[in-house]
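Structure first, then comments.
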Amino acid sequence: MSERSVSRTKQEKRWYTILAPEQFDRQELGETPADEPEKVYDRTIETTLGELTNNASENNTKLTFKVTDVGSDAAYTEFKEHSLTRDYLRSLVRRGASKIEAYVTVLTTDDYRVQVQPVAFTTKKADASQEKAIRETMVEMVEDAAAERTFEELISSIVEGRLSSAIYGESKTIYPLRRVEIQKATLEAHPDEVAEEEATSVDVDEGDVATDD
């Protein structure tokens, strides 16, 4: 390919401004180049909550967004994942104390499937029954939160720390806690994907039903 052809190819590329979802006020996340709009779809971009709020104390919260729509010069995203940095999580661990984790997959009221991973840090070493009780409380409260909220509302409660605060308030009555966090929340499936999986499951179940000849 000649230098002129390479130059022409570069000139044909356009820059698209990547925007956060509406619940994050459509803030600019960055820019991405592409010679065709279709190539921008499904690209992901990672930022921190601190960058969105202009608050450095929130830089330990990472947010990942995925491009789902492309306009003439803008790329629109949806929430994909919330996670806490390893350094921050490591700073919460204390020798002689307990770290209690749970993995909960839930459906929101508008049928988005989300995996939520709460984690609790105790002040001292809890025994097995106390750890189990705290884990069960975390799971139950995450399930209840999803059962009462849309996807957007659930993610907001996680990102803003309201869900972890509620879990802390309930779980500290079981054993003294230093901190409760949602260490990760991931969008696993959209409503149409969930519906398709359920329909497939029903088909399989019906196929397994024995019939009398």
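Chain labels run A, B, ... following the order of the structure tokens; each chain numbers its residues from 1, and ligands are numbered from 1 in the order shown.
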
Do you know which residues are at most 12 Å from A:Leu154 counting only C-alpha atoms, after dropping those on the same chain fewer than 3 positions away, and could you put them as number ranges by chain? A: 23, 79, 82, 106-116, 141-151, 157-164, 182, 185-187

Go ahead and save the residues from that selection, with N, CA, C and O atoms, as a tab-separated table (two decimals), in the first residue's frame.
```
chain	number	residue	atom	x	y	z
A	23	GLN	N	-27.95	7.88	33.48
A	23	GLN	CA	-27.91	7.91	34.94
A	23	GLN	C	-26.59	8.48	35.46
A	23	GLN	O	-26.49	8.86	36.63
A	79	PHE	N	-23.99	0.73	31.30
A	79	PHE	CA	-23.16	0.23	32.40
A	79	PHE	C	-22.83	-1.23	32.17
A	79	PHE	O	-23.70	-2.03	31.79
A	82	HIS	N	-19.02	-2.51	37.80
A	82	HIS	CA	-18.52	-1.69	38.90
A	82	HIS	C	-17.57	-2.57	39.70
A	82	HIS	O	-17.88	-3.72	39.98
A	106	VAL	N	-28.81	-11.91	40.72
A	106	VAL	CA	-30.18	-11.45	40.94
A	106	VAL	C	-30.81	-10.94	39.65
A	106	VAL	O	-30.12	-10.62	38.67
A	107	LEU	N	-32.14	-10.87	39.66
A	107	LEU	CA	-32.91	-10.24	38.60
A	107	LEU	C	-33.54	-8.97	39.15
A	107	LEU	O	-34.15	-9.00	40.23
A	108	THR	N	-33.40	-7.88	38.42
A	108	THR	CA	-34.04	-6.63	38.83
A	108	THR	C	-35.51	-6.66	38.40
A	108	THR	O	-35.95	-7.57	37.70
A	109	THR	N	-36.26	-5.64	38.80
A	109	THR	CA	-37.69	-5.61	38.47
A	109	THR	C	-37.93	-5.49	36.97
A	109	THR	O	-38.99	-5.88	36.48
A	110	ASP	N	-36.94	-4.97	36.24
A	110	ASP	CA	-37.08	-4.88	34.78
A	110	ASP	C	-36.28	-5.98	34.06
A	110	ASP	O	-35.93	-5.86	32.90
A	111	ASP	N	-35.99	-7.06	34.81
A	111	ASP	CA	-35.44	-8.31	34.25
A	111	ASP	C	-34.02	-8.21	33.70
A	111	ASP	O	-33.67	-8.91	32.75
A	112	TYR	N	-33.20	-7.40	34.32
A	112	TYR	CA	-31.76	-7.45	34.04
A	112	TYR	C	-31.14	-8.41	35.04
A	112	TYR	O	-31.49	-8.39	36.22
A	113	ARG	N	-30.21	-9.27	34.57
A	113	ARG	CA	-29.53	-10.16	35.49
A	113	ARG	C	-28.17	-9.58	35.85
A	113	ARG	O	-27.38	-9.23	34.96
A	114	VAL	N	-27.92	-9.48	37.14
A	114	VAL	CA	-26.71	-8.84	37.64
A	114	VAL	C	-26.06	-9.74	38.68
A	114	VAL	O	-26.75	-10.32	39.53
A	115	GLN	N	-24.74	-9.88	38.62
A	115	GLN	CA	-24.03	-10.56	39.70
A	115	GLN	C	-23.45	-9.49	40.62
A	115	GLN	O	-22.77	-8.56	40.17
A	116	VAL	N	-23.75	-9.63	41.91
A	116	VAL	CA	-23.29	-8.68	42.92
A	116	VAL	C	-22.42	-9.42	43.93
A	116	VAL	O	-22.76	-10.51	44.39
A	141	MET	N	-30.10	-9.39	51.65
A	141	MET	CA	-30.31	-7.96	51.41
A	141	MET	C	-30.05	-7.57	49.96
A	141	MET	O	-30.71	-6.68	49.42
A	142	VAL	N	-29.09	-8.22	49.31
A	142	VAL	CA	-28.86	-7.97	47.88
A	142	VAL	C	-30.06	-8.45	47.07
A	142	VAL	O	-30.53	-7.77	46.16
A	143	GLU	N	-30.57	-9.64	47.41
A	143	GLU	CA	-31.74	-10.18	46.71
A	143	GLU	C	-32.96	-9.28	46.90
A	143	GLU	O	-33.70	-9.01	45.94
A	144	ASP	N	-33.15	-8.80	48.12
A	144	ASP	CA	-34.29	-7.90	48.39
A	144	ASP	C	-34.14	-6.58	47.64
A	144	ASP	O	-35.12	-6.04	47.12
A	145	ALA	N	-32.91	-6.07	47.58
A	145	ALA	CA	-32.66	-4.81	46.88
A	145	ALA	C	-33.01	-4.93	45.41
A	145	ALA	O	-33.63	-4.04	44.81
A	146	ALA	N	-32.61	-6.05	44.79
A	146	ALA	CA	-32.89	-6.26	43.37
A	146	ALA	C	-34.38	-6.46	43.13
A	146	ALA	O	-34.93	-5.99	42.13
A	147	ALA	N	-35.06	-7.13	44.05
A	147	ALA	CA	-36.50	-7.41	43.90
A	147	ALA	C	-37.34	-6.14	43.97
A	147	ALA	O	-38.49	-6.14	43.52
A	148	GLU	N	-36.74	-5.07	44.51
A	148	GLU	CA	-37.49	-3.81	44.68
A	148	GLU	C	-37.02	-2.71	43.74
A	148	GLU	O	-37.59	-1.62	43.75
A	149	ARG	N	-36.00	-2.99	42.92
A	149	ARG	CA	-35.40	-1.92	42.12
A	149	ARG	C	-35.25	-2.30	40.65
A	149	ARG	O	-35.07	-3.46	40.32
A	150	THR	N	-35.29	-1.29	39.81
A	150	THR	CA	-34.93	-1.47	38.41
A	150	THR	C	-33.41	-1.61	38.33
A	150	THR	O	-32.70	-1.38	39.32
A	151	PHE	N	-32.93	-1.98	37.17
A	151	PHE	CA	-31.48	-2.12	36.97
A	151	PHE	C	-30.77	-0.81	37.29
A	151	PHE	O	-29.78	-0.79	38.04
A	157	SER	N	-27.72	2.47	43.68
A	157	SER	CA	-27.60	2.17	45.11
A	157	SER	C	-26.24	1.54	45.43
A	157	SER	O	-25.71	1.72	46.52
A	158	ILE	N	-25.67	0.82	44.47
A	158	ILE	CA	-24.35	0.22	44.65
A	158	ILE	C	-23.25	1.26	44.51
A	158	ILE	O	-22.38	1.40	45.37
A	159	VAL	N	-23.30	2.02	43.43
A	159	VAL	CA	-22.26	3.00	43.15
A	159	VAL	C	-22.22	4.10	44.22
A	159	VAL	O	-21.14	4.54	44.64
A	160	GLU	N	-23.39	4.50	44.68
A	160	GLU	CA	-23.47	5.57	45.68
A	160	GLU	C	-23.23	5.07	47.10
A	160	GLU	O	-23.20	5.87	48.05
A	161	GLY	N	-23.09	3.75	47.27
A	161	GLY	CA	-22.78	3.20	48.59
A	161	GLY	C	-23.96	2.98	49.50
A	161	GLY	O	-23.79	2.58	50.67
A	162	ARG	N	-25.18	3.19	49.01
A	162	ARG	CA	-26.36	3.03	49.87
A	162	ARG	C	-26.62	1.57	50.23
A	162	ARG	O	-27.00	1.26	51.36
A	163	LEU	N	-26.40	0.67	49.27
A	163	LEU	CA	-26.64	-0.74	49.55
A	163	LEU	C	-25.63	-1.28	50.56
A	163	LEU	O	-26.00	-1.99	51.50
A	164	SER	N	-24.36	-0.96	50.40
A	164	SER	CA	-23.35	-1.44	51.34
A	164	SER	C	-23.58	-0.87	52.74
A	164	SER	O	-23.37	-1.57	53.74
A	182	ILE	N	-19.48	-3.30	48.29
A	182	ILE	CA	-19.82	-4.12	47.13
A	182	ILE	C	-18.57	-4.11	46.27
A	182	ILE	O	-18.25	-3.11	45.63
A	185	ALA	N	-19.93	-5.51	40.82
A	185	ALA	CA	-21.29	-5.72	40.30
A	185	ALA	C	-21.18	-5.75	38.78
A	185	ALA	O	-20.63	-4.82	38.18
A	186	THR	N	-21.69	-6.81	38.18
A	186	THR	CA	-21.52	-7.02	36.74
A	186	THR	C	-22.86	-7.29	36.07
A	186	THR	O	-23.63	-8.14	36.54
A	187	LEU	N	-23.12	-6.59	34.97
A	187	LEU	CA	-24.31	-6.88	34.17
A	187	LEU	C	-24.05	-8.18	33.42
A	187	LEU	O	-23.12	-8.28	32.63
```

So that each row is one residue of stretch 66-176 of chain A with an atom at most 9 Å from stretch 27-43 of chain A, can you give its shortest atom pair and the distance in Å to one decimal, using only C-alpha atoms, rows by chain and rising number, as CSV?
```
residue,atom,partner,partner_atom,distance
A:Lys66,CA,A:Asp42,CA,5.7
A:Val67,CA,A:Asp42,CA,4.9
A:Thr68,CA,A:Tyr41,CA,5.7
A:Asp69,CA,A:Tyr41,CA,6.6
A:Val70,CA,A:Pro37,CA,6.5
A:Gly71,CA,A:Pro37,CA,7.9
A:Ser72,CA,A:Pro37,CA,8.1
A:Ala74,CA,A:Glu31,CA,8.6
A:Ala75,CA,A:Val40,CA,7.3
A:Thr77,CA,A:Asp42,CA,8.8
```

Please produce an output containing C-alpha atoms for each residue in the selection, written as an mmCIF file, in the first residue's frame.
```
data_model
loop_
_atom_site.group_PDB
_atom_site.id
_atom_site.type_symbol
_atom_site.label_atom_id
_atom_site.label_comp_id
_atom_site.auth_asym_id
_atom_site.auth_seq_id
_atom_site.Cartn_x
_atom_site.Cartn_y
_atom_site.Cartn_z
ATOM 1 C CA LYS A 66 -19.873 -0.599 26.807
ATOM 2 C CA VAL A 67 -20.870 1.171 23.587
ATOM 3 C CA THR A 68 -24.380 0.164 22.518
ATOM 4 C CA ASP A 69 -25.354 2.975 20.119
ATOM 5 C CA VAL A 70 -23.486 5.274 17.767
ATOM 6 C CA GLY A 71 -24.525 8.669 16.397
ATOM 7 C CA SER A 72 -22.870 10.934 13.851
ATOM 8 C CA ALA A 74 -20.986 10.332 19.565
ATOM 9 C CA ALA A 75 -20.979 6.831 21.021
ATOM 10 C CA THR A 77 -22.833 3.460 26.399
#
```

Between A:Met138, A:Gly50, A:Glu197, A:Lys184, which has the minimum distance to A:Gly169 (counting only C-alpha atoms)?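 So, comparing all the options, the nearest one is A:Met138.
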
Helix (DSSP H, G or I) call set, DSSP backbone run, stretch 14-139 of chain A, as a VMD selection string: chain A and resid 22 to 24 37 to 40 49 to 53 56 to 58 86 to 92 128 to 139

Name all residues at most 10 Å from A:Glu140 (count only C-alpha atoms; drop same-chain ones fewer than 5 positions away) and give them as an MDAnalysis selection string. chainID A and resid 104 134:135 145 167

Between A:Ile174, A:Val180, A:Ala97, A:Ile18, which one has atoms that come closest to A:Lys124, using only C-alpha atoms?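 Using only C-alpha atoms, the shortest distance to A:Lys124 belongs to A:Ala97.
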
Report, in Å to a single decimal, how far apart atom CA of A:Leu84 and atom CA of A:Asn60 are.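 Spanning atom CA of A:Asn60 to atom CA of A:Leu84 is a straight-line distance of 5.7 Å.
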
Given only C-alpha atoms as the counted atoms, nearest of A:Ala56, A:Ser171, A:Ser156, A:Phe121 to A:Arg90: A:Phe121

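Distance-wise, atom CA of A:Gly96 and atom CA of A:Lys125 end up 5.5 Å apart.
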
I'd like the interatomic distance between atom CA of A:Thr123 and atom CA of A:Leu177, to a tenth of an Å.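 For atom CA of A:Thr123 relative to atom CA of A:Leu177, the distance reads 5.3 Å.
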